[in-house]
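Shown here: entry.cif, mmCIF, C-alpha atoms.
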data_my_file
loop_
_atom_site.label_atom_id
_atom_site.label_comp_id
_atom_site.auth_asym_id
_atom_site.auth_seq_id
_atom_site.Cartn_x
_atom_site.Cartn_y
_atom_site.Cartn_z
CA MET A 295 7.85 -5.32 -13.04
CA PRO A 296 6.00 -2.72 -10.97
CA TYR A 297 8.26 -1.53 -8.13
CA LEU A 298 7.70 1.13 -5.47
CA LYS A 299 11.24 2.12 -4.57
CA ARG A 300 13.46 0.98 -7.47
CA ASP A 301 13.48 0.97 -11.24
CA ALA A 302 12.45 -2.07 -13.24
CA PRO A 303 15.31 -3.94 -14.95
CA CYS A 304 15.87 -3.08 -18.59
CA PRO A 305 15.03 -5.04 -20.56
CA GLU A 306 12.27 -6.49 -18.39
CA PRO A 307 12.15 -10.29 -18.10
CA LEU A 308 9.12 -11.87 -19.70
CA ASP A 309 7.28 -12.61 -16.44
CA CYS A 310 7.85 -9.04 -15.28
CA ARG A 311 6.35 -7.66 -18.49
CA ILE A 312 3.28 -9.79 -17.94
CA LEU A 313 2.78 -8.51 -14.38
CA THR A 314 3.33 -4.90 -15.43
CA ALA A 315 0.78 -5.20 -18.22
CA ALA A 316 -1.70 -6.99 -15.97
CA LEU A 317 -1.41 -4.35 -13.24
CA ASP A 318 -2.30 -1.54 -15.63
CA LEU A 319 -5.18 -3.47 -17.19
CA PHE A 320 -6.65 -4.65 -13.88
CA VAL A 321 -6.61 -1.12 -12.48
CA GLU A 322 -7.92 0.48 -15.67
CA ASN A 323 -10.71 -1.99 -16.42
CA GLY A 324 -11.29 -4.22 -13.38
CA TYR A 325 -10.18 -7.81 -12.96
CA HIS A 326 -13.31 -9.41 -14.46
CA ASN A 327 -13.20 -7.16 -17.52
CA VAL A 328 -9.69 -8.19 -18.54
CA SER A 329 -8.92 -11.27 -20.63
CA VAL A 330 -5.70 -13.23 -20.87
CA HIS A 331 -5.52 -12.17 -24.52
CA GLU A 332 -5.56 -8.50 -23.51
CA VAL A 333 -2.71 -9.09 -21.07
CA GLN A 334 -0.83 -10.99 -23.79
CA LYS A 335 -1.31 -8.14 -26.25
CA ARG A 336 -0.27 -5.42 -23.79
CA ALA A 337 2.81 -7.38 -22.63
CA GLN A 338 3.70 -8.43 -26.17
CA VAL A 339 4.23 -12.07 -25.20
CA SER A 340 2.69 -15.34 -26.33
CA ILE A 341 -0.36 -16.91 -24.71
CA GLY A 342 1.76 -19.95 -23.99
CA SER A 343 4.20 -17.84 -21.99
CA ILE A 344 1.42 -16.59 -19.75
CA TYR A 345 0.11 -20.07 -19.04
CA ASN A 346 3.62 -21.45 -18.52
CA HIS A 347 4.50 -18.79 -15.96
CA PHE A 348 1.19 -18.21 -14.21
CA GLY A 349 -1.39 -20.78 -15.30
CA GLY A 350 -3.94 -18.16 -16.35
CA LYS A 351 -5.47 -14.85 -15.31
CA GLU A 352 -6.10 -15.77 -11.68
CA GLY A 353 -2.49 -16.90 -11.34
CA ILE A 354 -1.29 -13.59 -12.76
CA ALA A 355 -3.42 -11.66 -10.28
CA ARG A 356 -2.25 -13.73 -7.32
CA ALA A 357 1.41 -13.38 -8.33
CA LEU A 358 0.95 -9.64 -8.77
CA TYR A 359 -0.72 -9.37 -5.37
CA GLU A 360 2.14 -11.25 -3.66
CA HIS A 361 4.74 -9.15 -5.43
CA LEU A 362 3.12 -5.88 -4.40
CA LEU A 363 2.72 -7.07 -0.81
CA ASN A 364 6.48 -7.65 -0.84
CA GLU A 365 6.96 -4.13 -2.15
CA LEU A 366 4.88 -2.77 0.74
CA ASP A 367 6.87 -4.95 3.15
CA GLU A 368 10.09 -3.38 1.84
CA LEU A 369 8.65 0.10 2.33
CA ILE A 370 7.88 -0.77 5.96
CA ASP A 371 11.37 -2.29 6.38
CA GLY A 372 12.91 0.98 5.27
CA VAL A 373 10.81 3.02 7.67
CA VAL A 374 11.52 0.75 10.64
CA ALA A 375 15.25 0.84 9.86
CA THR A 376 15.47 4.62 9.74
CA VAL A 377 12.79 5.87 12.17
CA GLU A 378 13.11 4.86 15.82
CA SER A 379 9.78 5.77 17.39
CA PRO A 380 6.81 3.50 16.51
CA ALA A 381 4.46 6.49 16.49
CA ALA A 382 6.81 8.31 14.11
CA GLN A 383 6.97 5.16 11.98
CA CYS A 384 3.19 5.34 11.56
CA ARG A 385 3.49 8.92 10.42
CA GLU A 386 6.30 8.11 7.97
CA ILE A 387 4.44 5.13 6.48
CA ILE A 388 1.45 7.36 5.79
CA ARG A 389 3.69 10.04 4.30
CA GLN A 390 5.28 7.57 1.92
CA LEU A 391 1.95 6.01 0.93
CA PHE A 392 0.61 9.47 0.09
CA ALA A 393 3.70 10.22 -1.99
CA HIS A 394 3.56 6.89 -3.82
CA THR A 395 -0.12 7.40 -4.62
CA GLU A 396 0.99 10.33 -6.75
CA THR A 397 3.99 8.63 -8.38
CA HIS A 398 2.94 4.94 -8.50
CA ARG A 399 -0.82 5.24 -8.74
CA ASN A 400 -1.60 1.79 -10.12
CA ILE A 401 0.44 -0.04 -7.50
CA ILE A 402 -1.35 1.77 -4.68
CA ALA A 403 -4.69 1.31 -6.42
CA PHE A 404 -4.18 -2.45 -6.70
CA LEU A 405 -3.17 -2.73 -3.05
CA PHE A 406 -5.80 -0.46 -1.51
CA HIS A 407 -8.63 -0.19 -4.01
CA ALA A 408 -8.93 -3.49 -5.87
CA LYS A 409 -11.51 -6.16 -5.00
CA HIS A 410 -9.03 -8.83 -3.96
CA THR A 411 -11.72 -11.44 -3.34
CA GLU A 412 -12.21 -11.61 -7.11
CA PHE A 413 -9.01 -13.62 -7.43
CA LEU A 414 -8.16 -14.69 -3.86
CA ARG A 415 -10.38 -17.74 -3.57
CA ASP A 416 -9.20 -18.76 -0.09
CA ASP A 417 -11.02 -15.78 1.47
CA THR A 418 -7.77 -14.07 2.45
CA LEU A 419 -8.51 -10.59 3.76
CA ILE A 420 -6.23 -7.71 2.85
CA CYS A 421 -6.15 -6.60 6.49
CA GLU A 422 -4.58 -9.95 7.40
CA ALA A 423 -1.84 -9.74 4.75
CA ARG A 424 1.72 -9.46 6.05
CA PRO A 425 2.32 -5.69 5.67
CA PHE A 426 -0.95 -4.80 7.34
CA VAL A 427 -0.30 -7.16 10.24
CA ARG A 428 3.08 -5.44 10.64
CA ILE A 429 1.45 -2.01 10.62
CA ARG A 430 -0.93 -3.16 13.35
CA GLY A 431 2.10 -4.39 15.29
CA ILE A 432 3.77 -0.98 15.00
CA VAL A 433 0.65 0.64 16.44
CA VAL A 434 0.66 -1.86 19.32
CA ASP A 435 4.33 -1.04 20.00
CA ALA A 436 3.47 2.66 20.09
CA MET A 437 0.80 1.95 22.70
CA LYS A 438 3.18 -0.18 24.77
CA LYS A 439 5.73 2.65 24.78
CA GLY A 440 3.15 5.20 25.83
CA GLU A 441 3.28 7.08 22.54
CA LEU A 442 -0.36 6.34 21.76
CA ARG A 443 -3.25 5.90 24.14
CA LYS A 444 -3.84 2.26 25.06
CA THR A 445 -6.97 0.81 23.49
CA ASP A 446 -7.97 -2.11 21.29
CA ALA A 447 -5.37 -2.72 18.57
CA TRP A 448 -7.95 -2.71 15.77
CA VAL A 449 -9.47 0.54 17.07
CA ALA A 450 -6.09 2.25 17.35
CA THR A 451 -4.94 1.07 13.91
CA SER A 452 -8.21 2.16 12.32
CA ALA A 453 -7.94 5.55 14.00
CA MET A 454 -4.32 5.97 12.93
CA PHE A 455 -4.54 4.68 9.35
CA GLY A 456 -8.23 4.57 8.45
CA GLY A 457 -8.48 8.20 7.47
CA ALA A 458 -5.29 8.01 5.43
CA VAL A 459 -6.52 4.95 3.52
CA ARG A 460 -9.81 6.69 2.83
CA MET A 461 -7.99 9.75 1.51
CA ILE A 462 -5.97 7.48 -0.79
CA GLN A 463 -9.21 5.99 -2.12
CA LEU A 464 -10.73 9.42 -2.65
CA ARG A 465 -7.65 10.55 -4.55
CA LEU A 466 -7.70 7.43 -6.71
CA ASP A 467 -11.36 8.08 -7.47
CA GLY A 468 -10.52 11.61 -8.59
CA LEU A 469 -12.53 13.27 -5.83
CA LEU A 470 -9.58 15.16 -4.33
CA ALA A 471 -8.25 17.97 -6.48
CA GLN A 472 -4.94 18.42 -4.67
CA PRO A 473 -2.07 15.89 -4.40
CA LEU A 474 -2.25 13.82 -1.23
CA PRO A 475 0.92 15.31 0.33
CA ASP A 476 -0.97 18.61 0.51
CA TYR A 477 -3.40 16.96 2.94
CA PHE A 478 -0.76 15.08 4.96
CA GLU A 479 -0.45 17.31 8.03
CA ALA A 480 -4.21 17.72 8.37
CA VAL A 481 -4.75 13.95 8.12
CA ILE A 482 -2.08 13.29 10.75
CA GLU A 483 -3.50 15.92 13.09
CA SER A 484 -6.95 14.39 12.76
CA ALA A 485 -5.73 10.85 13.32
CA TRP A 486 -3.51 11.63 16.29
CA SER A 487 -6.11 13.74 18.03
CA GLY A 488 -7.96 10.49 18.61
CA VAL A 489 -5.07 8.22 19.58
CA ALA A 490 -2.14 10.32 20.84
CA GLU A 491 -1.34 9.86 24.54
CA ASN A 492 -0.88 13.60 24.95
CA THR A 493 -0.41 16.71 22.85
CA GLU A 494 3.15 17.34 24.09
CA HIS A 495 4.31 13.91 22.88
CA HIS A 496 2.58 14.47 19.56
CA MET A 497 4.50 17.70 18.97
CA LYS A 498 7.82 16.09 19.94
CA THR A 499 7.21 13.23 17.51
CA LYS A 500 6.39 15.67 14.71
CA SER A 501 9.66 17.44 15.36
CA ARG A 502 11.69 14.20 15.29
CA VAL A 503 10.35 13.08 11.91
CA ALA A 504 10.22 16.47 10.19
CA LYS A 505 13.54 15.71 8.49
CA TYR A 506 12.20 12.62 6.66
#

Rendering of file as structure tokens:
Amino acid sequence: MPYLKRDAPCPEPLDCRILTAALDLFVENGYHNVSVHEVQKRAQVSIGSIYNHFGGKEGIARALYEHLLNELDELIDGVVATVESPAAQCREIIRQLFAHTETHRNIIAFLFHAKHTEFLRDDTLICEARPFVRIRGIVVDAMKKGELRKTDAWVATSAMFGGAVRMIQLRLDGLLAQPLPDYFEAVIESAWSGVAENTEHHMKTKSRVAKY
């Protein structure tokens, strides 16, 4: 099973092996270019096992999507539990996403780079998925506390996280030569220059989260 912050059980249960194999294949080749038989071969399971657990390729993709959203939820839980300031939480979430792009590339690619409408037939938008709604809520909290300048929630969230997401996509596409953590401070400076309430608060927040 693909996890962000823990190791997969050993040996992996059958359904976990299927999701792990599917993740790699979907990221490597694209959802439409992967067959159930290829997933079966990579996972070393029977076709019947795939249909019994997931009902087919679309079911695999939806289950994988839900699992990885839960992983992102857990990442946010950890940040909220250990970092007090909402503005600092934004910074820490970006820092961890940059780090995980280097160590868990396919998970981040599936969450931020895949065409989810290929298998989400109910027109669910990634920006309305649970973790991203929570991130928007953290930005709103930062505005309420005077840590970020008050503006439209979508505008503030886009200003805070849009550049970071774009950098993740560029790294996944192989257009950035250096690891994302090398760009972290510059990305944060650029984002906060547009949304920070004032420079003094920005510097204090940087100091508070430097230990993470």

Any chance you could resolve the PyMOL selection byres ((chain A and resi 335-349) around 7) against this file and give the residues as an mmCIF file with C-alpha atoms, in the coordinates of the input?
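Now in out_22.cif:
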data_model
loop_
_atom_site.group_PDB
_atom_site.id
_atom_site.type_symbol
_atom_site.label_atom_id
_atom_site.label_comp_id
_atom_site.auth_asym_id
_atom_site.auth_seq_id
_atom_site.Cartn_x
_atom_site.Cartn_y
_atom_site.Cartn_z
ATOM 1 C CA ASP A 309 7.280 -12.610 -16.440
ATOM 2 C CA ARG A 311 6.350 -7.660 -18.490
ATOM 3 C CA ILE A 312 3.280 -9.790 -17.940
ATOM 4 C CA ALA A 315 0.780 -5.200 -18.220
ATOM 5 C CA HIS A 331 -5.520 -12.170 -24.520
ATOM 6 C CA GLU A 332 -5.560 -8.500 -23.510
ATOM 7 C CA VAL A 333 -2.710 -9.090 -21.070
ATOM 8 C CA GLN A 334 -0.830 -10.990 -23.790
ATOM 9 C CA GLY A 350 -3.940 -18.160 -16.350
ATOM 10 C CA GLY A 353 -2.490 -16.900 -11.340
ATOM 11 C CA ILE A 354 -1.290 -13.590 -12.760
#

Shortest interatomic distance to Glu365 (chain A) - which of A:Pro425, A:Pro380, A:Gly324, A:Pro307, counting all atoms listed in the file: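 Looking only at the distances to Glu365 (chain A), the closest residue turns out to be A:Pro425.
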
Counting all atoms listed in the file, the option among A:Ala490, A:Met461, A:Leu298, A:Ala357 closest to Phe478 (chain A):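 So, comparing all the options, the nearest one is A:Met461.
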
From the set A:Glu352, A:Glu378, A:Glu360, A:Glu422, which residue has the shortest atom-to-atom contact distance to Asp435 (chain A), counting only C-alpha atoms? A:Glu378

Calculated over all atoms listed in the file, which of the candidates A:Glu306, A:Val427, A:Arg460, A:Phe406 has the smallest distance to Ala447 (chain A)? A:Val427

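Using all atoms listed in the file, the smallest distance between any of A:Val481, A:Gly431, A:Val328, A:Glu386 and Val459 (chain A) comes from A:Val481.
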
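What separates CA of Ile402 (chain A) from CA of Ser452 (chain A) is a distance of 18.3 Å.
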
Mind pulling up the distance from CA of Leu464 (chain A) to CA of Arg443 (chain A)?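 Atom-to-atom, CA of Arg443 (chain A) and CA of Leu464 (chain A) are spaced 28.0 Å apart.
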
Give me the residues near Leu405 (chain A) as an MDAnalysis selection string, where near means some atom within 10 Å (using all atoms listed in the file) and where sequence neighbours in that chain fewer than 5 positions away do not count. chainID A and resid 358:359 362:363 366 400 410 420
